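See structure below.
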Amino acid sequence: MKINNTEIKIESDDIFTYRRIRRAIGYLGISLPILLVGLSFISFFHTQIQPSISHYYYTNLREIFTGTLCAVGLFLICYKGHKNKSIWKNDNLLTNIAGIMAICVALIPTNPEDFLQKIYTIIPLTEKWLGWLHYGFAAILFLILALLAINVFTIGQENETRAPKSILNENNIYRACGYSILVSVILVPVADQLKLFSYSTLVFEAIALFAFGIAWLIKGRALGDQGKIGQKLYQENNPVDTEKVFEE
């Protein structure tokens with residue numbers, strides 16, 4: 001089938017648009033804990049380091065917390081993936097659900113130490129169940145992000161038979177990131193109950209966000225895909241292959 005230059009250019013533009021969205025999601029995920037914790041050390045913001053990422057809702061850095069999560073949510077909803085027959089591999093459906101969860105996490109906050117602070121939230125009720133709802137949304141969000149990394153991002157090289165593969169092959173990175181998210185989600189309540197160390201929830205949430213961000217940056221080819229990087233990560237050292245990218 002013959003494809004004219006205009007069609008090739010449109011496909012190429014679509015490819016790089018997808019990659020830019022993936023990179024934007026990745027950068028936002030990584031930057032959230034860095035910004036919140038980093039700005040906590042600057043006296044101008046009058047904010048102490050919080051016990052969790054979610055507790056920054058009740059500080060002067062609330063706009064960064066809610067704004068970043070809402071941006072991630074909107075990018076995920078706008079991201080149009082493949083409508084795979086399997087629900088567990090349908091990235092179009094999964095990213096839509098994850099996007100909604102991210103926005104819910106941003107707008108329905110965790111329980112504060114002083115419940116009177118809740119009168120300043122979008123739902124001005126001091127009910128404890130609203131805080132548990134927040135953690136429910138967060139758990140679903142992280143579980144879907146892990147599922148995307150493990151089950152969806154790996155599809156591109158699912159049938160790749162060339163060998164040997166580098167230990168830095170993209171699928172190895174996706175799986176490592178996905179399982180890191182899962183382990184972090186499990187360790188958040190465990191470490192909190194056992195009082196393992198101070199700021200344990202904050203640390204494990206940050207690890208999960210870093211893993212999420214790294215997976216999306218690799219998928220968005222933030223490091224490029226030419227030369228040694230292309231060979232180690234993607235097993236390619238050629239110009240953009242439009243057919244392969246859309247299979248991803």
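Identifiers for the structure tokens are assigned positionally: chains receive A, B, ... in sequence, residues are indexed from 1 per chain, and ligands are indexed from 1 in the order shown.
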
Expected answer as a PDB file with all heavy atoms, in the first residue's frame: alpha helix (DSSP H) residues in range 58-113 of chain A:
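Final output, saved to states.pdb:
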```
ATOM      1  N   ARG A  62      -0.361  23.943  48.706  1.00  0.00           N
ATOM      2  CA  ARG A  62      -1.527  23.202  48.233  1.00  0.00           C
ATOM      3  C   ARG A  62      -1.724  23.331  46.724  1.00  0.00           C
ATOM      4  O   ARG A  62      -2.072  22.368  46.050  1.00  0.00           O
ATOM      5  CB  ARG A  62      -2.788  23.695  48.938  1.00  0.00           C
ATOM      6  CG  ARG A  62      -4.066  23.030  48.405  1.00  0.00           C
ATOM      7  CD  ARG A  62      -5.273  23.334  49.254  1.00  0.00           C
ATOM      8  NE  ARG A  62      -5.556  24.757  49.320  1.00  0.00           N
ATOM      9  CZ  ARG A  62      -6.569  25.269  50.040  1.00  0.00           C
ATOM     10  NH1 ARG A  62      -7.334  24.453  50.745  1.00  0.00           N
ATOM     11  NH2 ARG A  62      -6.772  26.557  50.070  1.00  0.00           N
ATOM     12  N   GLU A  63      -1.490  24.529  46.190  1.00  0.00           N
ATOM     13  CA  GLU A  63      -1.722  24.732  44.762  1.00  0.00           C
ATOM     14  C   GLU A  63      -0.787  23.881  43.908  1.00  0.00           C
ATOM     15  O   GLU A  63      -1.165  23.421  42.826  1.00  0.00           O
ATOM     16  CB  GLU A  63      -1.552  26.217  44.399  1.00  0.00           C
ATOM     17  CG  GLU A  63      -2.699  27.114  44.824  1.00  0.00           C
ATOM     18  CD  GLU A  63      -2.753  27.356  46.323  1.00  0.00           C
ATOM     19  OE1 GLU A  63      -1.729  27.112  47.002  1.00  0.00           O
ATOM     20  OE2 GLU A  63      -3.813  27.778  46.815  1.00  0.00           O
ATOM     21  N   ILE A  64       0.440  23.672  44.399  1.00  0.00           N
ATOM     22  CA  ILE A  64       1.375  22.816  43.659  1.00  0.00           C
ATOM     23  C   ILE A  64       0.888  21.375  43.703  1.00  0.00           C
ATOM     24  O   ILE A  64       0.902  20.670  42.694  1.00  0.00           O
ATOM     25  CB  ILE A  64       2.793  22.931  44.237  1.00  0.00           C
ATOM     26  CG1 ILE A  64       3.346  24.338  43.979  1.00  0.00           C
ATOM     27  CG2 ILE A  64       3.725  21.872  43.647  1.00  0.00           C
ATOM     28  CD1 ILE A  64       4.704  24.587  44.579  1.00  0.00           C
ATOM     29  N   PHE A  65       0.440  20.938  44.871  1.00  0.00           N
ATOM     30  CA  PHE A  65      -0.073  19.575  45.033  1.00  0.00           C
ATOM     31  C   PHE A  65      -1.285  19.329  44.145  1.00  0.00           C
ATOM     32  O   PHE A  65      -1.305  18.396  43.330  1.00  0.00           O
ATOM     33  CB  PHE A  65      -0.429  19.339  46.502  1.00  0.00           C
ATOM     34  CG  PHE A  65      -1.194  18.068  46.751  1.00  0.00           C
ATOM     35  CD1 PHE A  65      -0.562  16.834  46.690  1.00  0.00           C
ATOM     36  CD2 PHE A  65      -2.557  18.104  47.045  1.00  0.00           C
ATOM     37  CE1 PHE A  65      -1.267  15.653  46.910  1.00  0.00           C
ATOM     38  CE2 PHE A  65      -3.270  16.934  47.273  1.00  0.00           C
ATOM     39  CZ  PHE A  65      -2.621  15.708  47.197  1.00  0.00           C
ATOM     40  N   THR A  66      -2.294  20.171  44.273  1.00  0.00           N
ATOM     41  CA  THR A  66      -3.526  19.960  43.510  1.00  0.00           C
ATOM     42  C   THR A  66      -3.321  20.248  42.025  1.00  0.00           C
ATOM     43  O   THR A  66      -3.845  19.522  41.169  1.00  0.00           O
ATOM     44  CB  THR A  66      -4.661  20.852  44.043  1.00  0.00           C
ATOM     45  OG1 THR A  66      -4.246  22.233  44.016  1.00  0.00           O
ATOM     46  CG2 THR A  66      -5.020  20.475  45.474  1.00  0.00           C
ATOM     47  N   GLY A  67      -2.555  21.293  41.720  1.00  0.00           N
ATOM     48  CA  GLY A  67      -2.342  21.648  40.309  1.00  0.00           C
ATOM     49  C   GLY A  67      -1.608  20.572  39.544  1.00  0.00           C
ATOM     50  O   GLY A  67      -1.983  20.225  38.412  1.00  0.00           O
ATOM     51  N   THR A  68      -0.557  20.024  40.167  1.00  0.00           N
ATOM     52  CA  THR A  68       0.218  18.977  39.499  1.00  0.00           C
ATOM     53  C   THR A  68      -0.618  17.721  39.291  1.00  0.00           C
ATOM     54  O   THR A  68      -0.621  17.125  38.207  1.00  0.00           O
ATOM     55  CB  THR A  68       1.479  18.627  40.309  1.00  0.00           C
ATOM     56  OG1 THR A  68       2.273  19.803  40.485  1.00  0.00           O
ATOM     57  CG2 THR A  68       2.308  17.569  39.593  1.00  0.00           C
ATOM     58  N   LEU A  69      -1.356  17.308  40.319  1.00  0.00           N
ATOM     59  CA  LEU A  69      -2.188  16.109  40.196  1.00  0.00           C
ATOM     60  C   LEU A  69      -3.293  16.295  39.155  1.00  0.00           C
ATOM     61  O   LEU A  69      -3.587  15.376  38.379  1.00  0.00           O
ATOM     62  CB  LEU A  69      -2.799  15.752  41.549  1.00  0.00           C
ATOM     63  CG  LEU A  69      -1.920  14.949  42.500  1.00  0.00           C
ATOM     64  CD1 LEU A  69      -2.643  14.721  43.823  1.00  0.00           C
ATOM     65  CD2 LEU A  69      -1.539  13.615  41.884  1.00  0.00           C
ATOM     66  N   CYS A  70      -3.897  17.465  39.137  1.00  0.00           N
ATOM     67  CA  CYS A  70      -4.945  17.727  38.139  1.00  0.00           C
ATOM     68  C   CYS A  70      -4.363  17.734  36.727  1.00  0.00           C
ATOM     69  O   CYS A  70      -4.994  17.235  35.787  1.00  0.00           O
ATOM     70  CB  CYS A  70      -5.633  19.058  38.431  1.00  0.00           C
ATOM     71  SG  CYS A  70      -6.780  18.996  39.841  1.00  0.00           S
ATOM     72  N   ALA A  71      -3.150  18.273  36.586  1.00  0.00           N
ATOM     73  CA  ALA A  71      -2.494  18.277  35.271  1.00  0.00           C
ATOM     74  C   ALA A  71      -2.206  16.854  34.814  1.00  0.00           C
ATOM     75  O   ALA A  71      -2.455  16.489  33.657  1.00  0.00           O
ATOM     76  CB  ALA A  71      -1.205  19.092  35.334  1.00  0.00           C
ATOM     77  N   VAL A  72      -1.690  16.031  35.742  1.00  0.00           N
ATOM     78  CA  VAL A  72      -1.444  14.618  35.418  1.00  0.00           C
ATOM     79  C   VAL A  72      -2.753  13.943  35.022  1.00  0.00           C
ATOM     80  O   VAL A  72      -2.819  13.196  34.037  1.00  0.00           O
ATOM     81  CB  VAL A  72      -0.823  13.878  36.625  1.00  0.00           C
ATOM     82  CG1 VAL A  72      -0.826  12.372  36.385  1.00  0.00           C
ATOM     83  CG2 VAL A  72       0.604  14.358  36.860  1.00  0.00           C
ATOM     84  N   GLY A  73      -3.815  14.213  35.794  1.00  0.00           N
ATOM     85  CA  GLY A  73      -5.110  13.622  35.500  1.00  0.00           C
ATOM     86  C   GLY A  73      -5.631  13.991  34.122  1.00  0.00           C
ATOM     87  O   GLY A  73      -6.114  13.138  33.373  1.00  0.00           O
ATOM     88  N   LEU A  74      -5.518  15.259  33.771  1.00  0.00           N
ATOM     89  CA  LEU A  74      -6.002  15.714  32.463  1.00  0.00           C
ATOM     90  C   LEU A  74      -5.182  15.122  31.324  1.00  0.00           C
ATOM     91  O   LEU A  74      -5.731  14.728  30.284  1.00  0.00           O
ATOM     92  CB  LEU A  74      -5.977  17.242  32.407  1.00  0.00           C
ATOM     93  CG  LEU A  74      -7.009  17.957  33.291  1.00  0.00           C
ATOM     94  CD1 LEU A  74      -6.781  19.459  33.271  1.00  0.00           C
ATOM     95  CD2 LEU A  74      -8.426  17.621  32.835  1.00  0.00           C
ATOM     96  N   PHE A  75      -3.852  15.045  31.509  1.00  0.00           N
ATOM     97  CA  PHE A  75      -3.005  14.422  30.484  1.00  0.00           C
ATOM     98  C   PHE A  75      -3.374  12.951  30.298  1.00  0.00           C
ATOM     99  O   PHE A  75      -3.429  12.451  29.167  1.00  0.00           O
ATOM    100  CB  PHE A  75      -1.527  14.542  30.858  1.00  0.00           C
ATOM    101  CG  PHE A  75      -0.896  15.824  30.410  1.00  0.00           C
ATOM    102  CD1 PHE A  75      -0.288  16.680  31.315  1.00  0.00           C
ATOM    103  CD2 PHE A  75      -0.885  16.178  29.064  1.00  0.00           C
ATOM    104  CE1 PHE A  75       0.299  17.870  30.907  1.00  0.00           C
ATOM    105  CE2 PHE A  75      -0.291  17.368  28.636  1.00  0.00           C
ATOM    106  CZ  PHE A  75       0.294  18.207  29.563  1.00  0.00           C
ATOM    107  N   LEU A  76      -3.630  12.257  31.396  1.00  0.00           N
ATOM    108  CA  LEU A  76      -3.981  10.841  31.314  1.00  0.00           C
ATOM    109  C   LEU A  76      -5.321  10.652  30.605  1.00  0.00           C
ATOM    110  O   LEU A  76      -5.496   9.726  29.805  1.00  0.00           O
ATOM    111  CB  LEU A  76      -4.034  10.219  32.711  1.00  0.00           C
ATOM    112  CG  LEU A  76      -2.688   9.980  33.392  1.00  0.00           C
ATOM    113  CD1 LEU A  76      -2.886   9.609  34.860  1.00  0.00           C
ATOM    114  CD2 LEU A  76      -1.901   8.885  32.680  1.00  0.00           C
ATOM    115  N   ILE A  77      -6.277  11.522  30.894  1.00  0.00           N
ATOM    116  CA  ILE A  77      -7.584  11.432  30.243  1.00  0.00           C
ATOM    117  C   ILE A  77      -7.480  11.746  28.753  1.00  0.00           C
ATOM    118  O   ILE A  77      -8.124  11.102  27.912  1.00  0.00           O
ATOM    119  CB  ILE A  77      -8.594  12.379  30.928  1.00  0.00           C
ATOM    120  CG1 ILE A  77      -8.895  11.885  32.351  1.00  0.00           C
ATOM    121  CG2 ILE A  77      -9.886  12.481  30.120  1.00  0.00           C
ATOM    122  CD1 ILE A  77      -9.698  12.857  33.186  1.00  0.00           C
ATOM    123  N   CYS A  78      -6.651  12.730  28.413  1.00  0.00           N
ATOM    124  CA  CYS A  78      -6.483  13.116  27.002  1.00  0.00           C
ATOM    125  C   CYS A  78      -5.656  12.106  26.211  1.00  0.00           C
ATOM    126  O   CYS A  78      -5.709  12.083  24.982  1.00  0.00           O
ATOM    127  CB  CYS A  78      -5.825  14.487  26.919  1.00  0.00           C
ATOM    128  SG  CYS A  78      -6.872  15.841  27.495  1.00  0.00           S
ATOM    129  N   ASP A  91      -5.060   0.389  27.403  1.00  0.00           N
ATOM    130  CA  ASP A  91      -4.502   1.607  27.991  1.00  0.00           C
ATOM    131  C   ASP A  91      -5.413   2.807  27.828  1.00  0.00           C
ATOM    132  O   ASP A  91      -5.351   3.755  28.605  1.00  0.00           O
ATOM    133  CB  ASP A  91      -3.096   1.902  27.444  1.00  0.00           C
ATOM    134  CG  ASP A  91      -3.021   1.916  25.936  1.00  0.00           C
ATOM    135  OD1 ASP A  91      -3.919   1.360  25.291  1.00  0.00           O
ATOM    136  OD2 ASP A  91      -2.045   2.481  25.404  1.00  0.00           O
ATOM    137  N   ASN A  92      -6.291   2.804  26.827  1.00  0.00           N
ATOM    138  CA  ASN A  92      -7.241   3.902  26.669  1.00  0.00           C
ATOM    139  C   ASN A  92      -8.185   3.956  27.867  1.00  0.00           C
ATOM    140  O   ASN A  92      -8.415   5.021  28.456  1.00  0.00           O
ATOM    141  CB  ASN A  92      -8.039   3.718  25.375  1.00  0.00           C
ATOM    142  CG  ASN A  92      -8.863   4.941  25.033  1.00  0.00           C
ATOM    143  OD1 ASN A  92      -8.376   6.060  25.055  1.00  0.00           O
ATOM    144  ND2 ASN A  92     -10.131   4.734  24.745  1.00  0.00           N
ATOM    145  N   LEU A  93      -8.706   2.809  28.271  1.00  0.00           N
ATOM    146  CA  LEU A  93      -9.605   2.723  29.423  1.00  0.00           C
ATOM    147  C   LEU A  93      -8.848   2.981  30.725  1.00  0.00           C
ATOM    148  O   LEU A  93      -9.293   3.760  31.579  1.00  0.00           O
ATOM    149  CB  LEU A  93     -10.257   1.339  29.465  1.00  0.00           C
ATOM    150  CG  LEU A  93     -11.097   1.014  30.713  1.00  0.00           C
ATOM    151  CD1 LEU A  93     -12.302   1.939  30.790  1.00  0.00           C
ATOM    152  CD2 LEU A  93     -11.540  -0.443  30.688  1.00  0.00           C
ATOM    153  N   LEU A  94      -7.699   2.345  30.865  1.00  0.00           N
ATOM    154  CA  LEU A  94      -6.933   2.446  32.109  1.00  0.00           C
ATOM    155  C   LEU A  94      -6.453   3.869  32.382  1.00  0.00           C
ATOM    156  O   LEU A  94      -6.501   4.342  33.524  1.00  0.00           O
ATOM    157  CB  LEU A  94      -5.751   1.484  32.072  1.00  0.00           C
ATOM    158  CG  LEU A  94      -6.101  -0.014  32.091  1.00  0.00           C
ATOM    159  CD1 LEU A  94      -4.850  -0.860  31.877  1.00  0.00           C
ATOM    160  CD2 LEU A  94      -6.786  -0.395  33.395  1.00  0.00           C
ATOM    161  N   THR A  95      -5.983   4.563  31.341  1.00  0.00           N
ATOM    162  CA  THR A  95      -5.514   5.938  31.552  1.00  0.00           C
ATOM    163  C   THR A  95      -6.670   6.879  31.869  1.00  0.00           C
ATOM    164  O   THR A  95      -6.504   7.834  32.635  1.00  0.00           O
ATOM    165  CB  THR A  95      -4.746   6.459  30.323  1.00  0.00           C
ATOM    166  OG1 THR A  95      -5.533   6.280  29.143  1.00  0.00           O
ATOM    167  CG2 THR A  95      -3.414   5.753  30.165  1.00  0.00           C
ATOM    168  N   ASN A  96      -7.858   6.613  31.309  1.00  0.00           N
ATOM    169  CA  ASN A  96      -9.032   7.436  31.639  1.00  0.00           C
ATOM    170  C   ASN A  96      -9.399   7.279  33.116  1.00  0.00           C
ATOM    171  O   ASN A  96      -9.668   8.266  33.807  1.00  0.00           O
ATOM    172  CB  ASN A  96     -10.230   7.045  30.767  1.00  0.00           C
ATOM    173  CG  ASN A  96     -10.136   7.607  29.363  1.00  0.00           C
ATOM    174  OD1 ASN A  96      -9.421   8.567  29.123  1.00  0.00           O
ATOM    175  ND2 ASN A  96     -10.848   7.002  28.435  1.00  0.00           N
ATOM    176  N   ILE A  97      -9.406   6.030  33.594  1.00  0.00           N
ATOM    177  CA  ILE A  97      -9.725   5.785  35.006  1.00  0.00           C
ATOM    178  C   ILE A  97      -8.656   6.402  35.904  1.00  0.00           C
ATOM    179  O   ILE A  97      -8.968   7.049  36.906  1.00  0.00           O
ATOM    180  CB  ILE A  97      -9.841   4.270  35.277  1.00  0.00           C
ATOM    181  CG1 ILE A  97     -11.001   3.670  34.484  1.00  0.00           C
ATOM    182  CG2 ILE A  97     -10.046   4.013  36.778  1.00  0.00           C
ATOM    183  CD1 ILE A  97     -11.094   2.162  34.585  1.00  0.00           C
ATOM    184  N   ALA A  98      -7.389   6.216  35.531  1.00  0.00           N
ATOM    185  CA  ALA A  98      -6.293   6.776  36.330  1.00  0.00           C
ATOM    186  C   ALA A  98      -6.373   8.294  36.377  1.00  0.00           C
ATOM    187  O   ALA A  98      -6.121   8.909  37.431  1.00  0.00           O
ATOM    188  CB  ALA A  98      -4.949   6.340  35.751  1.00  0.00           C
ATOM    189  N   GLY A  99      -6.729   8.918  35.263  1.00  0.00           N
ATOM    190  CA  GLY A  99      -6.858  10.372  35.220  1.00  0.00           C
ATOM    191  C   GLY A  99      -7.939  10.876  36.154  1.00  0.00           C
ATOM    192  O   GLY A  99      -7.752  11.870  36.881  1.00  0.00           O
ATOM    193  N   ILE A 100      -9.075  10.205  36.155  1.00  0.00           N
ATOM    194  CA  ILE A 100     -10.169  10.576  37.063  1.00  0.00           C
ATOM    195  C   ILE A 100      -9.739  10.402  38.515  1.00  0.00           C
ATOM    196  O   ILE A 100     -10.021  11.250  39.376  1.00  0.00           O
ATOM    197  CB  ILE A 100     -11.423   9.733  36.758  1.00  0.00           C
ATOM    198  CG1 ILE A 100     -11.962  10.085  35.364  1.00  0.00           C
ATOM    199  CG2 ILE A 100     -12.506   9.965  37.815  1.00  0.00           C
ATOM    200  CD1 ILE A 100     -13.048   9.154  34.867  1.00  0.00           C
ATOM    201  N   MET A 101      -9.043   9.300  38.803  1.00  0.00           N
ATOM    202  CA  MET A 101      -8.569   9.050  40.165  1.00  0.00           C
ATOM    203  C   MET A 101      -7.596  10.136  40.616  1.00  0.00           C
ATOM    204  O   MET A 101      -7.637  10.580  41.769  1.00  0.00           O
ATOM    205  CB  MET A 101      -7.890   7.677  40.248  1.00  0.00           C
ATOM    206  CG  MET A 101      -8.821   6.480  40.073  1.00  0.00           C
ATOM    207  SD  MET A 101     -10.114   6.359  41.339  1.00  0.00           S
ATOM    208  CE  MET A 101     -11.529   6.967  40.384  1.00  0.00           C
ATOM    209  N   ALA A 102      -6.704  10.562  39.720  1.00  0.00           N
ATOM    210  CA  ALA A 102      -5.722  11.596  40.073  1.00  0.00           C
ATOM    211  C   ALA A 102      -6.423  12.905  40.453  1.00  0.00           C
ATOM    212  O   ALA A 102      -6.045  13.568  41.426  1.00  0.00           O
ATOM    213  CB  ALA A 102      -4.765  11.825  38.903  1.00  0.00           C
ATOM    214  N   ILE A 103      -7.443  13.259  39.694  1.00  0.00           N
ATOM    215  CA  ILE A 103      -8.187  14.490  39.989  1.00  0.00           C
ATOM    216  C   ILE A 103      -8.949  14.347  41.304  1.00  0.00           C
ATOM    217  O   ILE A 103      -9.012  15.290  42.109  1.00  0.00           O
ATOM    218  CB  ILE A 103      -9.151  14.823  38.825  1.00  0.00           C
ATOM    219  CG1 ILE A 103      -8.336  15.178  37.579  1.00  0.00           C
ATOM    220  CG2 ILE A 103     -10.073  15.976  39.201  1.00  0.00           C
ATOM    221  CD1 ILE A 103      -9.156  15.353  36.320  1.00  0.00           C
ATOM    222  N   CYS A 104      -9.515  13.163  41.557  1.00  0.00           N
ATOM    223  CA  CYS A 104     -10.223  12.922  42.824  1.00  0.00           C
ATOM    224  C   CYS A 104      -9.267  13.002  44.011  1.00  0.00           C
ATOM    225  O   CYS A 104      -9.611  13.546  45.062  1.00  0.00           O
ATOM    226  CB  CYS A 104     -10.902  11.557  42.788  1.00  0.00           C
ATOM    227  SG  CYS A 104     -12.344  11.464  41.705  1.00  0.00           S
ATOM    228  N   VAL A 105      -8.054  12.463  43.856  1.00  0.00           N
ATOM    229  CA  VAL A 105      -7.045  12.531  44.917  1.00  0.00           C
ATOM    230  C   VAL A 105      -6.707  13.992  45.225  1.00  0.00           C
ATOM    231  O   VAL A 105      -6.517  14.368  46.388  1.00  0.00           O
ATOM    232  CB  VAL A 105      -5.766  11.767  44.510  1.00  0.00           C
ATOM    233  CG1 VAL A 105      -4.629  12.057  45.481  1.00  0.00           C
ATOM    234  CG2 VAL A 105      -6.044  10.266  44.476  1.00  0.00           C
ATOM    235  N   ALA A 106      -6.647  14.815  44.173  1.00  0.00           N
ATOM    236  CA  ALA A 106      -6.302  16.224  44.353  1.00  0.00           C
ATOM    237  C   ALA A 106      -7.408  17.010  45.043  1.00  0.00           C
ATOM    238  O   ALA A 106      -7.131  17.872  45.880  1.00  0.00           O
ATOM    239  CB  ALA A 106      -5.998  16.851  42.990  1.00  0.00           C
ATOM    240  N   LEU A 107      -8.660  16.707  44.722  1.00  0.00           N
ATOM    241  CA  LEU A 107      -9.771  17.535  45.196  1.00  0.00           C
ATOM    242  C   LEU A 107     -10.444  17.010  46.469  1.00  0.00           C
ATOM    243  O   LEU A 107     -11.133  17.760  47.156  1.00  0.00           O
ATOM    244  CB  LEU A 107     -10.822  17.673  44.086  1.00  0.00           C
ATOM    245  CG  LEU A 107     -10.326  18.319  42.778  1.00  0.00           C
ATOM    246  CD1 LEU A 107     -11.466  18.437  41.789  1.00  0.00           C
ATOM    247  CD2 LEU A 107      -9.702  19.691  43.048  1.00  0.00           C
TER     248      LEU A 107
END
```

Which of these, A:Lys118, A:Lys83, A:Lys195, A:Lys165, has the shortest distance to Glu236 in chain A once you count only C-alpha atoms?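 The shortest atom-to-atom distance to Glu236 in chain A comes from A:Lys165.
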
Please build the interface table for range 94-173 of chain A against range 211-235 of chain A with a cut-off of 8 Å, listing for each qualifying residue the nearest atom pair and the distance in Å to one decimal; count only C-alpha atoms, order rows by chain and increasing number, and write it as CSV.
```
residue,atom,partner,partner_atom,distance
A:Leu145,CA,A:Phe212,CA,6.7
A:Ala146,CA,A:Phe212,CA,7.5
A:Ala149,CA,A:Ala215,CA,6.5
A:Phe153,CA,A:Lys219,CA,7.2
A:Lys165,CA,A:Lys232,CA,7.4
A:Ser166,CA,A:Lys232,CA,5.4
A:Ile167,CA,A:Lys232,CA,7.9
A:Leu168,CA,A:Leu233,CA,5.6
A:Asn169,CA,A:Leu233,CA,4.3
A:Glu170,CA,A:Leu233,CA,4.9
A:Ile173,CA,A:Ala215,CA,7.0
```

Please determine, counting only C-alpha atoms, which residue among A:Ser184, A:Ala206, A:Gly178, A:Leu196 has the shortest atom-to-atom distance to Leu36 in chain A. A:Ala206
